[in-house]
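Novice: Have a look at the structure that comes next, please.
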Amino acid sequence: MKTKKYVFCSTGESQTESAGVALAKIARGIICVEGDLGAGKTVLARGIAKGLGINEYITSPTFNIINIYETEDIIFNHMDAYRMTDPEMLYDIGFDEMVESGDLTVIEWSNLITEAIGEYSVRVNMLRGNSEEKRIIILESSPENIEKFIRSFK
């Protein structure tokens, strides 16, 4: 897949969440999200859920490994690979079925299971900015997805 990158600065949680809402409009399959602890990965996932019409409270799936949310139209799988210590764990949670289903799966700490992911819709790298609230967000996806994101986010 030919990819394009888009880099922008989020000035706070509400803007990061808005970026998630915009991502929900363009992405299906897998969204890989990377970044240090506290970078805003779950805030972005909360925005994606909001963009899908999910009104439940979205929490980090660090201890559950996966949280599943459903609407009439889609299943949203919110996964955290931080505690993945063995590739067999992916099979135990039904990772293959999630990927093949065509639903939307957001994987926090995706860099820890890169070899298992294969094709993805969007890759997001979140970096801390020069203040507590600022984040540098780097999106990588198809040129079409990046253009749709830019139109939807602004």
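Each chain in the structure tokens gets a letter, A, B and so on, in the order shown; residues start at 1 in every chain, and ligands are counted from 1 in the order they appear.
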Using only C-alpha atoms, which residues sit within 10 Å of Ser18 in chain A once same-chain residues fewer than 5 positions away are excluded, as a list in words?
Specialist: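 Non-adjacent residues within range: Ser10, Glu13, Leu23, Ala24, Val43, Leu44, Arg46, Gly47, Ile48, Lys50, Gly51, Ser152, Phe153 and Lys154 of chain A.
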Novice: Could the residues in this selection be saved with N, CA, C and O atoms as a short mmCIF file (atom, residue, chain, number, x, y, z; two decimals), in the first residue's frame?
Specialist:
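selection.cif written:
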data_model
loop_
_atom_site.label_atom_id
_atom_site.label_comp_id
_atom_site.auth_asym_id
_atom_site.auth_seq_id
_atom_site.Cartn_x
_atom_site.Cartn_y
_atom_site.Cartn_z
N SER A 10 -1.71 18.64 18.37
CA SER A 10 -2.93 18.73 19.16
C SER A 10 -2.62 19.59 20.37
O SER A 10 -1.61 19.37 21.05
N GLU A 13 -6.68 17.61 25.06
CA GLU A 13 -7.47 16.40 24.94
C GLU A 13 -8.65 16.54 23.99
O GLU A 13 -8.95 15.62 23.23
N LEU A 23 -10.99 10.29 12.43
CA LEU A 23 -10.47 8.98 12.02
C LEU A 23 -11.59 7.96 11.87
O LEU A 23 -11.55 7.11 10.98
N ALA A 24 -12.59 8.03 12.73
CA ALA A 24 -13.72 7.08 12.66
C ALA A 24 -14.46 7.20 11.33
O ALA A 24 -15.05 6.23 10.87
N VAL A 43 -7.32 8.60 24.72
CA VAL A 43 -8.13 9.78 24.37
C VAL A 43 -8.49 9.73 22.89
O VAL A 43 -9.64 9.99 22.50
N LEU A 44 -7.53 9.37 22.05
CA LEU A 44 -7.79 9.22 20.62
C LEU A 44 -8.83 8.13 20.38
O LEU A 44 -9.76 8.32 19.60
N ARG A 46 -11.12 7.15 22.43
CA ARG A 46 -12.42 7.67 22.89
C ARG A 46 -13.07 8.50 21.78
O ARG A 46 -14.28 8.42 21.55
N GLY A 47 -12.26 9.28 21.07
CA GLY A 47 -12.79 10.06 19.95
C GLY A 47 -13.26 9.18 18.81
O GLY A 47 -14.29 9.45 18.19
N ILE A 48 -12.53 8.12 18.53
CA ILE A 48 -12.95 7.18 17.49
C ILE A 48 -14.29 6.56 17.85
O ILE A 48 -15.20 6.50 17.03
N LYS A 50 -16.57 7.79 19.81
CA LYS A 50 -17.57 8.86 19.68
C LYS A 50 -17.97 9.04 18.21
O LYS A 50 -19.15 9.17 17.89
N GLY A 51 -16.98 9.02 17.33
CA GLY A 51 -17.25 9.16 15.90
C GLY A 51 -18.06 8.00 15.33
O GLY A 51 -18.73 8.15 14.31
N SER A 152 -12.12 16.26 7.00
CA SER A 152 -13.04 15.99 8.10
C SER A 152 -12.58 16.66 9.40
O SER A 152 -13.41 17.07 10.21
N PHE A 153 -11.28 16.77 9.61
CA PHE A 153 -10.74 17.29 10.86
C PHE A 153 -10.78 18.80 10.96
O PHE A 153 -10.90 19.35 12.03
N LYS A 154 -10.68 19.48 9.85
CA LYS A 154 -10.62 20.96 9.88
C LYS A 154 -11.97 21.59 9.96
O LYS A 154 -12.99 21.16 9.77
#
Novice: Got a sec: who's within 8 Å of range 123-139 of chain A, counting only C-alpha atoms, leaving out chain neighbours fewer than 3 positions off, as a PDB file with N, CA, C and O atoms, in the first residue's frame?
Specialist:
ATOM      1  N   LYS A   5       2.073  10.602   4.876  1.00  0.00           N
ATOM      2  CA  LYS A   5       2.067  11.016   6.277  1.00  0.00           C
ATOM      3  C   LYS A   5       1.488  12.409   6.413  1.00  0.00           C
ATOM      4  O   LYS A   5       1.640  13.245   5.520  1.00  0.00           O
ATOM      5  N   TYR A   6       0.828  12.605   7.545  1.00  0.00           N
ATOM      6  CA  TYR A   6       0.287  13.922   7.892  1.00  0.00           C
ATOM      7  C   TYR A   6       0.650  14.173   9.346  1.00  0.00           C
ATOM      8  O   TYR A   6       0.363  13.342  10.214  1.00  0.00           O
ATOM      9  N   VAL A   7       1.302  15.298   9.617  1.00  0.00           N
ATOM     10  CA  VAL A   7       1.751  15.629  10.961  1.00  0.00           C
ATOM     11  C   VAL A   7       1.017  16.886  11.420  1.00  0.00           C
ATOM     12  O   VAL A   7       0.935  17.868  10.684  1.00  0.00           O
ATOM     13  N   PHE A   8       0.484  16.838  12.643  1.00  0.00           N
ATOM     14  CA  PHE A   8      -0.159  18.021  13.206  1.00  0.00           C
ATOM     15  C   PHE A   8       0.045  18.043  14.713  1.00  0.00           C
ATOM     16  O   PHE A   8       0.436  17.051  15.321  1.00  0.00           O
ATOM     17  N   CYS A   9      -0.239  19.192  15.303  1.00  0.00           N
ATOM     18  CA  CYS A   9      -0.089  19.369  16.740  1.00  0.00           C
ATOM     19  C   CYS A   9      -1.476  19.464  17.366  1.00  0.00           C
ATOM     20  O   CYS A   9      -2.304  20.260  16.929  1.00  0.00           O
ATOM     21  N   SER A  10      -1.713  18.641  18.371  1.00  0.00           N
ATOM     22  CA  SER A  10      -2.934  18.728  19.157  1.00  0.00           C
ATOM     23  C   SER A  10      -2.621  19.585  20.373  1.00  0.00           C
ATOM     24  O   SER A  10      -1.611  19.374  21.054  1.00  0.00           O
ATOM     25  N   THR A  11      -3.486  20.545  20.661  1.00  0.00           N
ATOM     26  CA  THR A  11      -3.235  21.458  21.772  1.00  0.00           C
ATOM     27  C   THR A  11      -3.923  21.023  23.066  1.00  0.00           C
ATOM     28  O   THR A  11      -3.843  21.709  24.066  1.00  0.00           O
ATOM     29  N   GLY A  12      -4.604  19.863  23.039  1.00  0.00           N
ATOM     30  CA  GLY A  12      -5.257  19.377  24.252  1.00  0.00           C
ATOM     31  C   GLY A  12      -6.115  18.160  23.985  1.00  0.00           C
ATOM     32  O   GLY A  12      -6.265  17.719  22.840  1.00  0.00           O
ATOM     33  N   GLU A  13      -6.676  17.610  25.056  1.00  0.00           N
ATOM     34  CA  GLU A  13      -7.473  16.395  24.939  1.00  0.00           C
ATOM     35  C   GLU A  13      -8.653  16.544  23.988  1.00  0.00           C
ATOM     36  O   GLU A  13      -8.953  15.623  23.233  1.00  0.00           O
ATOM     37  N   ILE A  31      -6.454   0.243  13.139  1.00  0.00           N
ATOM     38  CA  ILE A  31      -5.746   1.497  13.376  1.00  0.00           C
ATOM     39  C   ILE A  31      -4.682   1.187  14.412  1.00  0.00           C
ATOM     40  O   ILE A  31      -4.989   0.787  15.538  1.00  0.00           O
ATOM     41  N   CYS A  32      -3.424   1.329  14.027  1.00  0.00           N
ATOM     42  CA  CYS A  32      -2.295   1.089  14.929  1.00  0.00           C
ATOM     43  C   CYS A  32      -1.942   2.400  15.623  1.00  0.00           C
ATOM     44  O   CYS A  32      -1.719   3.406  14.956  1.00  0.00           O
ATOM     45  N   VAL A  33      -1.886   2.377  16.953  1.00  0.00           N
ATOM     46  CA  VAL A  33      -1.595   3.589  17.709  1.00  0.00           C
ATOM     47  C   VAL A  33      -0.377   3.341  18.597  1.00  0.00           C
ATOM     48  O   VAL A  33      -0.354   2.394  19.379  1.00  0.00           O
ATOM     49  N   GLU A  34       0.615   4.201  18.447  1.00  0.00           N
ATOM     50  CA  GLU A  34       1.849   4.083  19.206  1.00  0.00           C
ATOM     51  C   GLU A  34       2.123   5.380  19.944  1.00  0.00           C
ATOM     52  O   GLU A  34       1.704   6.442  19.512  1.00  0.00           O
ATOM     53  N   GLY A  35       2.815   5.271  21.057  1.00  0.00           N
ATOM     54  CA  GLY A  35       3.181   6.442  21.849  1.00  0.00           C
ATOM     55  C   GLY A  35       3.489   6.030  23.270  1.00  0.00           C
ATOM     56  O   GLY A  35       3.043   4.980  23.740  1.00  0.00           O
ATOM     57  N   ASP A  36       4.241   6.865  23.966  1.00  0.00           N
ATOM     58  CA  ASP A  36       4.615   6.576  25.343  1.00  0.00           C
ATOM     59  C   ASP A  36       3.393   6.580  26.263  1.00  0.00           C
ATOM     60  O   ASP A  36       2.310   7.034  25.872  1.00  0.00           O
ATOM     61  N   ALA A  39       0.583   9.486  26.422  1.00  0.00           N
ATOM     62  CA  ALA A  39       0.666  10.262  25.179  1.00  0.00           C
ATOM     63  C   ALA A  39      -0.710  10.635  24.628  1.00  0.00           C
ATOM     64  O   ALA A  39      -0.811  11.507  23.774  1.00  0.00           O
ATOM     65  N   GLY A  40      -1.765   9.945  25.081  1.00  0.00           N
ATOM     66  CA  GLY A  40      -3.102  10.272  24.602  1.00  0.00           C
ATOM     67  C   GLY A  40      -3.738   9.207  23.732  1.00  0.00           C
ATOM     68  O   GLY A  40      -4.733   9.462  23.058  1.00  0.00           O
ATOM     69  N   LYS A  41      -3.194   8.003  23.744  1.00  0.00           N
ATOM     70  CA  LYS A  41      -3.716   6.925  22.903  1.00  0.00           C
ATOM     71  C   LYS A  41      -5.179   6.608  23.219  1.00  0.00           C
ATOM     72  O   LYS A  41      -5.993   6.466  22.315  1.00  0.00           O
ATOM     73  N   TYR A 120      -2.941  -2.646   7.694  1.00  0.00           N
ATOM     74  CA  TYR A 120      -3.618  -1.714   8.595  1.00  0.00           C
ATOM     75  C   TYR A 120      -4.191  -0.577   7.776  1.00  0.00           C
ATOM     76  O   TYR A 120      -3.772  -0.319   6.649  1.00  0.00           O
ATOM     77  N   ILE A 146      -5.710  10.085   4.045  1.00  0.00           N
ATOM     78  CA  ILE A 146      -5.136  11.309   4.617  1.00  0.00           C
ATOM     79  C   ILE A 146      -5.918  12.524   4.144  1.00  0.00           C
ATOM     80  O   ILE A 146      -6.265  13.404   4.941  1.00  0.00           O
TER      81      ILE A 146
END
Novice: Asn67 in chain A: which residues within 9 Å, counting only C-alpha atoms, same-chain residues fewer than 3 positions away excluded, as a list in words?
Specialist: Ile58, Thr59, Ser60, Pro61, Asn64, Phe76, Asn77, His78, Met79 and Asp80 of chain A
Novice: Could you turn the residues from that selection into a file that holds N, CA, C and O atoms, as a CSV table (one decimal), in the first residue's frame?
Specialist:
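Result went into selection-v6.csv, see below:
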chain,number,residue,atom,x,y,z
A,58,ILE,N,-15.2,5.1,27.5
A,58,ILE,CA,-14.1,4.3,27.0
A,58,ILE,C,-12.9,4.4,27.9
A,58,ILE,O,-12.5,5.5,28.3
A,59,THR,N,-12.5,3.2,28.3
A,59,THR,CA,-11.3,3.1,29.2
A,59,THR,C,-10.2,2.4,28.5
A,59,THR,O,-10.4,1.7,27.5
A,60,SER,N,-9.0,2.6,29.1
A,60,SER,CA,-7.9,1.9,28.6
A,60,SER,C,-8.0,0.4,28.8
A,60,SER,O,-8.4,-0.1,29.9
A,61,PRO,N,-7.8,-0.4,27.8
A,61,PRO,CA,-7.9,-1.9,27.9
A,61,PRO,C,-6.6,-2.6,28.4
A,61,PRO,O,-6.4,-3.7,28.2
A,64,ASN,N,-7.5,-5.6,30.7
A,64,ASN,CA,-8.5,-6.5,30.0
A,64,ASN,C,-7.9,-7.0,28.7
A,64,ASN,O,-8.4,-8.0,28.1
A,76,PHE,N,-16.6,-2.2,17.5
A,76,PHE,CA,-15.3,-1.4,17.8
A,76,PHE,C,-14.5,-2.2,18.8
A,76,PHE,O,-15.0,-2.3,20.0
A,77,ASN,N,-13.4,-2.7,18.4
A,77,ASN,CA,-12.5,-3.5,19.3
A,77,ASN,C,-11.4,-2.5,19.7
A,77,ASN,O,-10.7,-2.0,18.8
A,78,HIS,N,-11.2,-2.3,21.0
A,78,HIS,CA,-10.2,-1.4,21.5
A,78,HIS,C,-9.2,-2.3,22.3
A,78,HIS,O,-9.5,-2.8,23.3
A,79,MET,N,-8.0,-2.5,21.7
A,79,MET,CA,-7.1,-3.4,22.2
A,79,MET,C,-5.8,-2.7,22.7
A,79,MET,O,-5.4,-1.7,22.1
A,80,ASP,N,-5.2,-3.3,23.7
A,80,ASP,CA,-3.9,-2.8,24.2
A,80,ASP,C,-2.9,-4.0,24.2
A,80,ASP,O,-3.1,-5.0,24.9
Novice: Report as a list of chain:residue names all protein, DNA and RNA residues lying within 10 Å of Asn55 in chain A, evaluated on only C-alpha atoms, omitting residues in the same chain fewer than 6 positions from it.
Specialist: A:Arg46, A:Ala49, A:Tyr69, A:Thr71
Novice: Keeping only C-alpha atoms, write the selected residues to a file as a compact mmCIF listing (two decimals), in the first residue's frame.
Specialist:
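Final output, saved to selection.txt:
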# COMPACT_ATOMS: atom_id res chain seq x y z
CA ARG A 46 -12.42 7.67 22.89
CA ALA A 49 -15.69 5.56 19.56
CA TYR A 69 -18.17 -1.94 22.00
CA THR A 71 -23.52 -0.35 17.67
